[in-house]
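Enquirer: This is upload.txt (compact mmCIF, N, CA and C atoms and all ligand atoms).
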# COMPACT_ATOMS: atom_id res chain seq x y z
N MET A 1 -185.24 127.50 -51.27
CA MET A 1 -184.68 128.79 -51.66
C MET A 1 -183.77 128.60 -52.87
N PRO A 2 -183.77 129.53 -53.81
CA PRO A 2 -182.85 129.44 -54.95
C PRO A 2 -181.40 129.53 -54.48
N LYS A 3 -180.52 128.96 -55.28
CA LYS A 3 -179.08 129.00 -54.96
C LYS A 3 -178.32 129.62 -56.11
N CYS A 4 -177.19 130.25 -55.78
CA CYS A 4 -176.32 130.87 -56.78
C CYS A 4 -174.91 130.37 -56.54
N VAL A 5 -174.27 129.85 -57.58
CA VAL A 5 -172.87 129.45 -57.47
C VAL A 5 -172.01 130.70 -57.64
N VAL A 6 -171.17 130.95 -56.65
CA VAL A 6 -170.33 132.16 -56.63
C VAL A 6 -168.99 131.90 -57.30
N GLY A 7 -168.47 130.69 -57.14
CA GLY A 7 -167.15 130.34 -57.66
C GLY A 7 -166.47 129.43 -56.66
N THR A 8 -165.18 129.22 -56.86
CA THR A 8 -164.45 128.39 -55.90
C THR A 8 -163.98 129.28 -54.74
N PRO A 9 -163.81 128.69 -53.57
CA PRO A 9 -163.39 129.50 -52.41
C PRO A 9 -162.08 130.24 -52.64
N ASP A 10 -161.15 129.66 -53.41
CA ASP A 10 -159.86 130.34 -53.59
C ASP A 10 -159.95 131.56 -54.53
N GLU A 11 -161.11 131.79 -55.13
CA GLU A 11 -161.28 133.01 -55.94
C GLU A 11 -161.45 134.25 -55.08
N ILE A 12 -161.79 134.05 -53.80
CA ILE A 12 -161.98 135.19 -52.89
C ILE A 12 -160.98 135.03 -51.75
N ALA A 13 -159.90 135.78 -51.82
CA ALA A 13 -158.86 135.70 -50.79
C ALA A 13 -159.36 136.34 -49.50
N PRO A 14 -158.73 136.01 -48.37
CA PRO A 14 -159.11 136.67 -47.11
C PRO A 14 -159.04 138.20 -47.27
N GLY A 15 -160.08 138.86 -46.80
CA GLY A 15 -160.16 140.32 -46.90
C GLY A 15 -160.79 140.82 -48.18
N GLN A 16 -161.09 139.89 -49.11
CA GLN A 16 -161.66 140.28 -50.39
C GLN A 16 -163.15 139.92 -50.44
N ARG A 17 -163.80 140.35 -51.52
CA ARG A 17 -165.21 140.04 -51.72
C ARG A 17 -165.48 139.90 -53.21
N LYS A 18 -166.58 139.25 -53.49
CA LYS A 18 -167.06 139.13 -54.87
C LYS A 18 -168.54 139.44 -54.86
N ILE A 19 -168.97 140.26 -55.80
CA ILE A 19 -170.38 140.61 -55.86
C ILE A 19 -171.03 139.84 -56.99
N VAL A 20 -172.10 139.14 -56.67
CA VAL A 20 -172.84 138.37 -57.67
C VAL A 20 -174.25 138.95 -57.75
N VAL A 21 -174.84 138.80 -58.92
CA VAL A 21 -176.21 139.32 -59.13
C VAL A 21 -177.06 138.16 -59.63
N PRO A 22 -177.59 137.35 -58.70
CA PRO A 22 -178.35 136.18 -59.14
C PRO A 22 -179.77 136.49 -59.57
N PHE A 23 -180.24 137.71 -59.34
CA PHE A 23 -181.61 138.05 -59.73
C PHE A 23 -181.55 139.38 -60.48
N ARG A 24 -182.41 139.53 -61.45
CA ARG A 24 -182.36 140.72 -62.30
C ARG A 24 -182.93 141.94 -61.57
N GLY A 25 -182.40 143.10 -61.93
CA GLY A 25 -182.96 144.34 -61.42
C GLY A 25 -182.64 144.64 -59.98
N ARG A 26 -181.68 143.93 -59.41
CA ARG A 26 -181.31 144.15 -58.01
C ARG A 26 -179.83 144.46 -57.92
N ALA A 27 -179.42 144.90 -56.74
CA ALA A 27 -178.02 145.30 -56.54
C ALA A 27 -177.10 144.10 -56.37
N GLY A 28 -177.63 142.95 -56.04
CA GLY A 28 -176.82 141.76 -55.91
C GLY A 28 -176.44 141.46 -54.47
N ILE A 29 -175.50 140.53 -54.35
CA ILE A 29 -175.07 140.02 -53.06
C ILE A 29 -173.54 140.06 -53.03
N GLY A 30 -172.99 140.57 -51.94
CA GLY A 30 -171.54 140.55 -51.75
C GLY A 30 -171.15 139.34 -50.92
N VAL A 31 -170.21 138.56 -51.44
CA VAL A 31 -169.72 137.39 -50.71
C VAL A 31 -168.31 137.72 -50.23
N PHE A 32 -168.09 137.65 -48.92
CA PHE A 32 -166.85 138.09 -48.29
C PHE A 32 -166.10 136.91 -47.69
N ASN A 33 -164.78 136.99 -47.77
CA ASN A 33 -163.91 136.07 -47.05
C ASN A 33 -163.34 136.81 -45.85
N VAL A 34 -163.78 136.43 -44.67
CA VAL A 34 -163.26 137.01 -43.43
C VAL A 34 -162.49 135.91 -42.71
N ASN A 35 -161.19 135.96 -42.78
CA ASN A 35 -160.34 134.96 -42.12
C ASN A 35 -160.74 133.53 -42.52
N ASP A 36 -160.97 133.36 -43.81
CA ASP A 36 -161.34 132.06 -44.40
C ASP A 36 -162.72 131.56 -43.99
N CYS A 37 -163.55 132.42 -43.46
CA CYS A 37 -164.97 132.12 -43.30
C CYS A 37 -165.72 132.99 -44.31
N PHE A 38 -166.76 132.45 -44.91
CA PHE A 38 -167.47 133.16 -45.97
C PHE A 38 -168.83 133.63 -45.49
N TYR A 39 -169.15 134.87 -45.85
CA TYR A 39 -170.41 135.49 -45.47
C TYR A 39 -170.98 136.22 -46.68
N ALA A 40 -172.29 136.35 -46.70
CA ALA A 40 -172.94 137.04 -47.82
C ALA A 40 -173.90 138.09 -47.28
N LEU A 41 -173.82 139.28 -47.88
CA LEU A 41 -174.67 140.41 -47.50
C LEU A 41 -175.35 140.96 -48.74
N ARG A 42 -176.56 141.46 -48.55
CA ARG A 42 -177.21 142.17 -49.65
C ARG A 42 -176.40 143.43 -49.96
N ASN A 43 -176.19 143.69 -51.24
CA ASN A 43 -175.40 144.85 -51.66
C ASN A 43 -176.30 146.09 -51.71
N LEU A 44 -176.98 146.33 -50.61
CA LEU A 44 -177.93 147.44 -50.55
C LEU A 44 -177.94 147.94 -49.11
N CYS A 45 -177.41 149.11 -48.91
CA CYS A 45 -177.29 149.66 -47.56
C CYS A 45 -178.68 150.03 -47.02
N PRO A 46 -179.00 149.65 -45.78
CA PRO A 46 -180.30 149.98 -45.23
C PRO A 46 -180.49 151.47 -44.95
N HIS A 47 -179.42 152.25 -45.04
CA HIS A 47 -179.57 153.69 -44.79
C HIS A 47 -180.26 154.37 -45.97
N LYS A 48 -179.57 154.50 -47.10
CA LYS A 48 -180.15 155.17 -48.27
C LYS A 48 -179.96 154.34 -49.54
N LEU A 49 -179.81 153.02 -49.35
CA LEU A 49 -179.74 152.06 -50.46
C LEU A 49 -178.46 152.19 -51.30
N GLY A 50 -177.39 152.62 -50.67
CA GLY A 50 -176.09 152.67 -51.35
C GLY A 50 -175.54 151.27 -51.60
N PRO A 51 -174.51 151.18 -52.46
CA PRO A 51 -173.90 149.88 -52.80
C PRO A 51 -172.94 149.42 -51.70
N LEU A 52 -173.52 148.98 -50.61
CA LEU A 52 -172.76 148.69 -49.39
C LEU A 52 -171.53 147.81 -49.63
N CYS A 53 -171.69 146.75 -50.39
CA CYS A 53 -170.62 145.75 -50.51
C CYS A 53 -169.44 146.22 -51.35
N THR A 54 -169.54 147.41 -51.95
CA THR A 54 -168.40 147.94 -52.70
C THR A 54 -167.52 148.81 -51.80
N GLY A 55 -167.90 148.96 -50.54
CA GLY A 55 -167.15 149.81 -49.63
C GLY A 55 -165.88 149.16 -49.12
N ALA A 56 -165.18 149.88 -48.25
CA ALA A 56 -163.92 149.40 -47.69
C ALA A 56 -164.19 148.37 -46.61
N VAL A 57 -163.37 147.31 -46.63
CA VAL A 57 -163.37 146.34 -45.54
C VAL A 57 -162.37 146.85 -44.52
N THR A 58 -162.81 146.97 -43.29
CA THR A 58 -161.99 147.61 -42.28
C THR A 58 -162.25 146.97 -40.92
N GLY A 59 -161.90 147.68 -39.86
CA GLY A 59 -162.20 147.26 -38.50
C GLY A 59 -162.92 148.39 -37.80
N ARG A 60 -163.04 148.28 -36.49
CA ARG A 60 -163.67 149.39 -35.75
C ARG A 60 -162.66 149.96 -34.76
N MET A 61 -162.72 151.29 -34.63
CA MET A 61 -161.80 151.97 -33.74
C MET A 61 -162.32 151.85 -32.31
N VAL A 62 -161.43 151.49 -31.41
CA VAL A 62 -161.80 151.33 -30.01
C VAL A 62 -160.82 152.13 -29.16
N ALA A 63 -161.36 152.97 -28.28
CA ALA A 63 -160.52 153.75 -27.36
C ALA A 63 -160.61 153.15 -25.97
N ASP A 64 -159.50 153.18 -25.26
CA ASP A 64 -159.50 152.61 -23.91
C ASP A 64 -160.08 153.59 -22.90
N LEU A 65 -160.17 154.88 -23.27
CA LEU A 65 -160.72 155.90 -22.39
C LEU A 65 -161.60 156.82 -23.21
N PRO A 66 -162.51 157.57 -22.59
CA PRO A 66 -163.28 158.55 -23.34
C PRO A 66 -162.37 159.64 -23.88
N PRO A 67 -162.74 160.27 -25.02
CA PRO A 67 -161.88 161.31 -25.59
C PRO A 67 -161.58 162.44 -24.63
N SER A 68 -162.50 162.71 -23.72
CA SER A 68 -162.28 163.81 -22.77
C SER A 68 -161.11 163.54 -21.83
N ALA A 69 -160.71 162.28 -21.70
CA ALA A 69 -159.59 161.95 -20.81
C ALA A 69 -158.27 162.48 -21.37
N GLY A 70 -158.20 162.62 -22.70
CA GLY A 70 -156.99 163.19 -23.29
C GLY A 70 -155.87 162.22 -23.55
N ASP A 71 -155.76 161.15 -22.82
CA ASP A 71 -154.67 160.18 -22.99
C ASP A 71 -155.15 158.86 -23.57
N GLU A 72 -156.29 158.88 -24.23
CA GLU A 72 -156.83 157.61 -24.69
C GLU A 72 -155.93 156.99 -25.76
N VAL A 73 -155.91 155.69 -25.78
CA VAL A 73 -155.19 154.94 -26.80
C VAL A 73 -156.24 154.30 -27.71
N VAL A 74 -156.14 154.59 -29.00
CA VAL A 74 -157.11 154.07 -29.96
C VAL A 74 -156.49 152.90 -30.71
N THR A 75 -157.20 151.81 -30.76
CA THR A 75 -156.72 150.64 -31.49
C THR A 75 -157.80 150.19 -32.49
N LEU A 76 -157.38 149.37 -33.42
CA LEU A 76 -158.30 148.84 -34.42
C LEU A 76 -158.70 147.43 -34.00
N ALA A 77 -160.00 147.24 -33.74
CA ALA A 77 -160.51 145.92 -33.36
C ALA A 77 -161.26 145.32 -34.55
N GLN A 78 -161.42 144.03 -34.55
CA GLN A 78 -162.16 143.32 -35.61
C GLN A 78 -161.65 143.70 -37.00
N ASP A 79 -160.34 143.84 -37.12
CA ASP A 79 -159.77 144.24 -38.41
C ASP A 79 -160.16 143.23 -39.50
N GLY A 80 -160.72 143.73 -40.59
CA GLY A 80 -161.16 142.88 -41.70
C GLY A 80 -162.55 142.31 -41.53
N GLU A 81 -163.25 142.69 -40.47
CA GLU A 81 -164.57 142.11 -40.19
C GLU A 81 -165.71 143.10 -40.39
N ILE A 82 -165.38 144.32 -40.81
CA ILE A 82 -166.37 145.39 -40.91
C ILE A 82 -166.40 145.91 -42.34
N ILE A 83 -167.60 146.16 -42.86
CA ILE A 83 -167.75 146.80 -44.17
C ILE A 83 -168.28 148.22 -43.95
N ARG A 84 -167.66 149.18 -44.64
CA ARG A 84 -168.05 150.58 -44.50
C ARG A 84 -168.73 151.03 -45.79
N CYS A 85 -169.96 151.46 -45.70
CA CYS A 85 -170.69 151.89 -46.89
C CYS A 85 -169.99 153.08 -47.54
N PRO A 86 -169.81 153.05 -48.86
CA PRO A 86 -169.08 154.14 -49.51
C PRO A 86 -169.87 155.46 -49.56
N TRP A 87 -171.17 155.43 -49.34
CA TRP A 87 -171.95 156.66 -49.48
C TRP A 87 -171.88 157.56 -48.25
N HIS A 88 -172.23 157.03 -47.07
CA HIS A 88 -172.25 157.88 -45.86
C HIS A 88 -171.48 157.24 -44.71
N LEU A 89 -170.72 156.20 -45.02
CA LEU A 89 -169.74 155.60 -44.10
C LEU A 89 -170.36 154.86 -42.91
N TRP A 90 -171.61 154.47 -43.01
CA TRP A 90 -172.15 153.59 -41.97
C TRP A 90 -171.37 152.28 -42.03
N GLU A 91 -171.16 151.68 -40.86
CA GLU A 91 -170.36 150.46 -40.79
C GLU A 91 -171.21 149.28 -40.29
N PHE A 92 -170.93 148.12 -40.86
CA PHE A 92 -171.70 146.91 -40.55
C PHE A 92 -170.73 145.76 -40.31
N GLU A 93 -171.10 144.89 -39.36
CA GLU A 93 -170.32 143.68 -39.11
C GLU A 93 -170.66 142.68 -40.22
N ILE A 94 -169.66 142.22 -40.94
CA ILE A 94 -169.90 141.35 -42.09
C ILE A 94 -170.55 140.03 -41.66
N ALA A 95 -170.13 139.48 -40.55
CA ALA A 95 -170.63 138.16 -40.14
C ALA A 95 -172.12 138.19 -39.77
N THR A 96 -172.59 139.32 -39.25
CA THR A 96 -173.97 139.36 -38.75
C THR A 96 -174.87 140.32 -39.53
N GLY A 97 -174.27 141.27 -40.25
CA GLY A 97 -175.05 142.31 -40.91
C GLY A 97 -175.45 143.44 -39.97
N ARG A 98 -175.00 143.38 -38.73
CA ARG A 98 -175.40 144.35 -37.71
C ARG A 98 -174.69 145.69 -37.92
N CYS A 99 -175.44 146.78 -37.84
CA CYS A 99 -174.86 148.12 -37.94
C CYS A 99 -174.16 148.45 -36.62
N LEU A 100 -172.97 149.02 -36.71
CA LEU A 100 -172.21 149.26 -35.49
C LEU A 100 -172.81 150.38 -34.65
N VAL A 101 -173.39 151.39 -35.28
CA VAL A 101 -173.89 152.53 -34.49
C VAL A 101 -175.32 152.34 -34.01
N ASP A 102 -176.07 151.46 -34.62
CA ASP A 102 -177.44 151.21 -34.19
C ASP A 102 -177.74 149.74 -34.43
N HIS A 103 -177.70 148.96 -33.39
CA HIS A 103 -177.84 147.50 -33.52
C HIS A 103 -179.23 147.07 -33.99
N ARG A 104 -180.19 147.99 -33.99
CA ARG A 104 -181.52 147.64 -34.52
C ARG A 104 -181.50 147.61 -36.04
N VAL A 105 -180.48 148.21 -36.65
CA VAL A 105 -180.36 148.27 -38.11
C VAL A 105 -179.46 147.14 -38.57
N ARG A 106 -179.92 146.40 -39.56
CA ARG A 106 -179.13 145.29 -40.10
C ARG A 106 -179.25 145.28 -41.61
N VAL A 107 -178.21 144.82 -42.26
CA VAL A 107 -178.30 144.53 -43.68
C VAL A 107 -178.62 143.04 -43.79
N LYS A 108 -179.36 142.68 -44.80
CA LYS A 108 -179.77 141.28 -44.96
C LYS A 108 -178.56 140.39 -45.20
N THR A 109 -178.54 139.24 -44.54
CA THR A 109 -177.49 138.26 -44.73
C THR A 109 -178.08 137.03 -45.43
N TYR A 110 -177.21 136.26 -46.06
CA TYR A 110 -177.63 135.04 -46.77
C TYR A 110 -176.73 133.89 -46.35
N PRO A 111 -177.26 132.67 -46.30
CA PRO A 111 -176.42 131.52 -45.97
C PRO A 111 -175.43 131.21 -47.11
N VAL A 112 -174.20 130.89 -46.72
CA VAL A 112 -173.16 130.51 -47.68
C VAL A 112 -172.69 129.10 -47.32
N SER A 113 -172.51 128.26 -48.31
CA SER A 113 -171.99 126.92 -48.06
C SER A 113 -171.02 126.55 -49.17
N ILE A 114 -170.32 125.47 -48.98
CA ILE A 114 -169.44 124.93 -50.02
C ILE A 114 -170.03 123.60 -50.45
N GLU A 115 -170.40 123.52 -51.73
CA GLU A 115 -170.99 122.30 -52.28
C GLU A 115 -170.17 121.87 -53.49
N ASP A 116 -169.66 120.66 -53.44
CA ASP A 116 -168.83 120.14 -54.54
C ASP A 116 -167.71 121.10 -54.89
N GLY A 117 -167.09 121.71 -53.88
CA GLY A 117 -165.95 122.59 -54.11
C GLY A 117 -166.31 123.99 -54.56
N GLN A 118 -167.61 124.31 -54.60
CA GLN A 118 -168.07 125.63 -55.05
C GLN A 118 -168.74 126.37 -53.90
N LEU A 119 -168.48 127.68 -53.84
CA LEU A 119 -169.21 128.52 -52.89
C LEU A 119 -170.62 128.72 -53.42
N VAL A 120 -171.60 128.52 -52.57
CA VAL A 120 -173.00 128.64 -52.97
C VAL A 120 -173.72 129.55 -51.98
N VAL A 121 -174.50 130.47 -52.51
CA VAL A 121 -175.32 131.37 -51.70
C VAL A 121 -176.77 131.02 -51.92
N GLU A 122 -177.52 130.90 -50.83
CA GLU A 122 -178.95 130.72 -50.92
C GLU A 122 -179.60 132.09 -50.77
N TYR A 123 -180.53 132.39 -51.60
CA TYR A 123 -181.17 133.71 -51.53
C TYR A 123 -182.66 133.57 -51.76
N ASP A 124 -183.39 134.57 -51.29
CA ASP A 124 -184.80 134.63 -51.60
C ASP A 124 -184.97 135.70 -52.66
N ASP A 125 -186.07 135.69 -53.35
CA ASP A 125 -186.22 136.65 -54.46
C ASP A 125 -186.67 138.00 -53.95
S1 LIG B 201 -176.37 154.68 -48.07
FE1 LIG B 201 -175.00 153.56 -46.87
S2 LIG B 201 -174.44 154.88 -45.29
FE2 LIG B 201 -175.89 155.98 -46.42
Give the structure from this file in structure tokens form.
Expert:
Amino acid sequence: MPKCVVGTPDEIAPGQRKIVVPFRGRAGIGVFNVNDCFYALRNLCPHKLGPLCTGAVTGRMVADLPPSAGDEVVTLAQDGEIIRCPWHLWEFEIATGRCLVDHRVRVKTYPVSIEDGQLVVEYDD
């Protein structure tokens, strides 16, 4: 598989991302730092092909009770581990590419490694 050098790991702080375009005519790949682990996602939302990796990095809202209970407490789980598409707000787990509302939907992920001090993404064309 072809490889793309993204940069050094310290160029992407925790909670940040860098978008690289190793192939022409495509949206590119977003490389994310989630708690000092690096993940790469295709910058193309599986919903309507929006620029997924330019969206907000966030968490998912979790309630301890159903809304009908009235006293539910809502907390933010997986803070910094979720990417929200800027077009229609679908959310995906950065580490797996899994869509939160429909687990059958995934955004493509790519392997990331550190070689000679550089972040490297392997991609297919
Ligand atoms: S294009 Fe991403 S949610 Fe619609």
Enquirer: Ligand LIG 201 (chain B): which residues are within 6.5 Å, counting all atoms listed in the file? Reply as a list in words.
Expert: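 Checking all atoms listed in the file against ligand LIG 201 (chain B) at 6.5 Å gives Cys45, Pro46, His47, Lys48, Leu49, Gly50, Pro51, Leu52, Cys85, Pro86, Trp87, His88, Leu89, Trp90 and Glu91 of chain A.
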Enquirer: Check which residues of range 12-65 of chain A sit at most 6.5 Å from range 70-79 of chain A using only N, CA and C atoms, and return one row each with the closest pair of atoms and their distance in Å to one decimal, ordered by chain and rising number, as CSV.
Expert:
residue,atom,partner,partner_atom,distance
A:Thr58,C,A:Asp79,CA,4.5
A:Gly59,CA,A:Asp79,CA,3.9
A:Arg60,C,A:Ala77,N,3.9
A:Met61,CA,A:Thr75,C,4.6
A:Val62,C,A:Thr75,N,4.0
A:Ala63,CA,A:Val74,CA,4.3
A:Asp64,N,A:Val73,C,4.2
A:Leu65,N,A:Glu72,CA,4.5
Enquirer: Restricting the calculation to only N, CA and C atoms, which member of A:Ala56, A:Met1, A:Ile83, A:Val112 is positioned closest to Ala40 in chain A?
Expert: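 Closest candidate: A:Val112.
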Enquirer: Name all residues at most 7 Å from Ile94 in chain A (count only N, CA and C atoms; drop same-chain ones fewer than 3 positions away) and give them as number ranges by chain.
Expert: A: 39-40, 81-83, 97-98
Enquirer: If we draw a sphere of 6 Å around (-176.3, 141.0, -47.6), which residues have at least one atom in it when counting all atoms listed in the file? Please report them as a list in words.
Expert: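 Output: Ile29, Gly30, Ala40, Leu41, Arg42, Asn43, Val107, Lys108, Thr109 and Tyr110 of chain A.
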